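Below is one structure, written out as structure tokens; the observations come after it.
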Amino acid sequence: MTPTTDDDVDYVRVVFRLPSDDSGWHPAGTERIWAVRLDDQRVRVENIPFAARGVAAGDILTVTADEDGVLWAGDVVEPSGNCTIRVIPVEGCLRSGVRKAVGDAFEPLGVEGEGSRTGLVSLNVPGGADLTEVKETLEQGHADGLWVYELGSVTEAWQAASPTLPATNPSDPPPADYGLAFPDDLAAIVYRTVLSGEAPPLVVLHDPDGDWIVSDGTHTQPDPDSAALVHIQHVVDNDSSVLELANLPAGRIAWRDTATDPWTIEDFSYPAE
């Protein structure tokens with residue numbers, strides 16, 4: 001999330017080092033988080049962290065600039081009283097609608113959430129929230145098989161509130177489709193009806209030559225009038241369920257009848273000439 005521009009506020013990016021993580025939740029080595037510079041040595045965190053532990057939105061922490069001017073996170077010196085809880089839906093975590101449903105479950109409790117395209121929803125639990133109700137909602141969703149969770153940063157008040165959550169943190173490994181992403185430079189032939197949002201992507205082909213074609217399912221041959229070569233992220237921005245196919249091998253085709261149906265994957269080869 002990029003903060004709203006304000007000429008009177010000095011927004012900066014702060015880099016957090018992430019410890020080695022065998023859980024599968026956070027494979028990266030660093031996370032960059034927006035903050036407001038308070039002085040040369042302190043910032044206030046503006047984002048809900050997606051990976052960094054021990055920090056929450058609103059915390060004030062020390063920073064150190066390296067020789068390139070990059071700000072590296074230090075210690076929290078003034079906790080905000082907020083908690084950071086991270087949730088991954090078990091089914092359909094790459095679908096934006098599913099991630100939104102997680103946020104909707106906590107919003108009535110005064111908890112804000114932000115979803116990432118890798119499948120994770122990061123929640124900011126204010127210090128004034130009913131922590132018992134938040135914990136009950138978190139654990140009930142886990143018990144019902146709706147999501148798995150990680151406690152990114154919790155306060156003494158959180159720990160003292162009932163119910164007592166299991167000691168395992170994260171609660172479980174992430175689901176298999178968590179973290180899938182297309183290569184940054186991947187281009188695809190995409191039907192213009194899909195690009196415009198007029199029709200959903202119903203057929204995704206990763207052909208034997210390694211090319212990607214995203215179709216509306218009309219089975220017409222792509223040409224300059226009906227399709228365009230674009231970055232596949234444009235398709236994902238319109239329909240995040242396409243991310244579920246990021247690992248589709250060459251020589252496979254995925255199809256569905258409607259945008260809400262699961263993908264069916266089959267072998268594909270061009271007819272012999």
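Letters A, B, ... go to the chains of the structure tokens in the order shown; residues in each chain start at 1; ligands are counted from 1 in the same order.
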*For Ser116 of chain A, list every protein, DNA or RNA residue within 10 Å, evaluated using only C-alpha atoms, and leave out those in the same chain fewer than 6 positions away; present the list as a VMD selection string.*
chain A and resid 1 50 88 93 to 94 96 99 122 179
*Go through segment 85-255 of chain A and collect every residue that DSSP, computed from the backbone, puts in strand (DSSP E or B); the answer should be as a ChimeraX atom specification.*
/A:85-89,112-115,121-125,147-153,187-191,203-206,212-215,227-231,252-255
_I'd like to know which residues of segment 152-258 of chain A are helix (DSSP H, G or I) (by DSSP, run on the backbone); could you write them as a list in words?_
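Restricting segment 152-258 of chain A to helix (DSSP H, G or I) produces Glu156, Ala157, Trp158, Gln159, Ala160, Arg192, Thr193, Val194, Leu195, Ser196, Gln233, His234, Val235, Val236, Asp237, Asn238, Ser240, Ser241, Val242, Leu243, Glu244 and Leu245 of chain A.
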_Let me make sure I understand: among A:Ser20, A:Leu205, A:Phe182, A:Val55, which one has the smallest atom-to-atom distance to Ile33 of chain A if we use only C-alpha atoms?_
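Result for the nearest residue to Ile33 of chain A: A:Val55.
As for atom CA of Pro108 of chain A and atom CA of Pro173 of chain A, they are spaced 27.4 Å apart.
The shell of residues at most 9 Å from Gly145 of chain A, with only C-alpha atoms counted and near chain neighbours (fewer than 2 positions) removed, consists of Pro89, Val90, Glu91, Gln140, Gly141, His142, Ala143, Trp147 and Val148 of chain A.
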Restrict the selected residues to C-alpha atoms and save them as a compact mmCIF listing (two decimals), in the first residue's frame.
```
# COMPACT_ATOMS: atom_id res chain seq x y z
CA PRO A 89 -7.40 -18.67 3.32
CA VAL A 90 -7.14 -22.45 2.93
CA GLU A 91 -9.23 -22.56 -0.26
CA GLN A 140 -13.04 -20.42 15.02
CA GLY A 141 -12.11 -19.78 11.39
CA HIS A 142 -9.04 -21.95 11.87
CA ALA A 143 -11.05 -24.73 13.53
CA TRP A 147 -7.80 -20.24 7.19
CA VAL A 148 -4.41 -20.70 8.77
```
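The residue that comes closest to Val194 of chain A, out of A:Asp22, A:Asp223, A:Asp216, A:Glu244 and on the basis of only C-alpha atoms, is A:Asp216.
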_For Phe106 of chain A: contacts at 12 Å, only C-alpha atoms, fewer than 6 positions along chain excluded, given as a list in words_ = Ile85, Arg86, Val87, Arg99, Lys100, Glu112, Gly113, Glu114, Val121, Ser122, Leu123, Asn124, Val125, Pro126, Ala129, Asp130, Leu131, Glu133, Val134, Lys135, Glu136, Thr137, Leu138, Gln140 and Gly141 of chain A
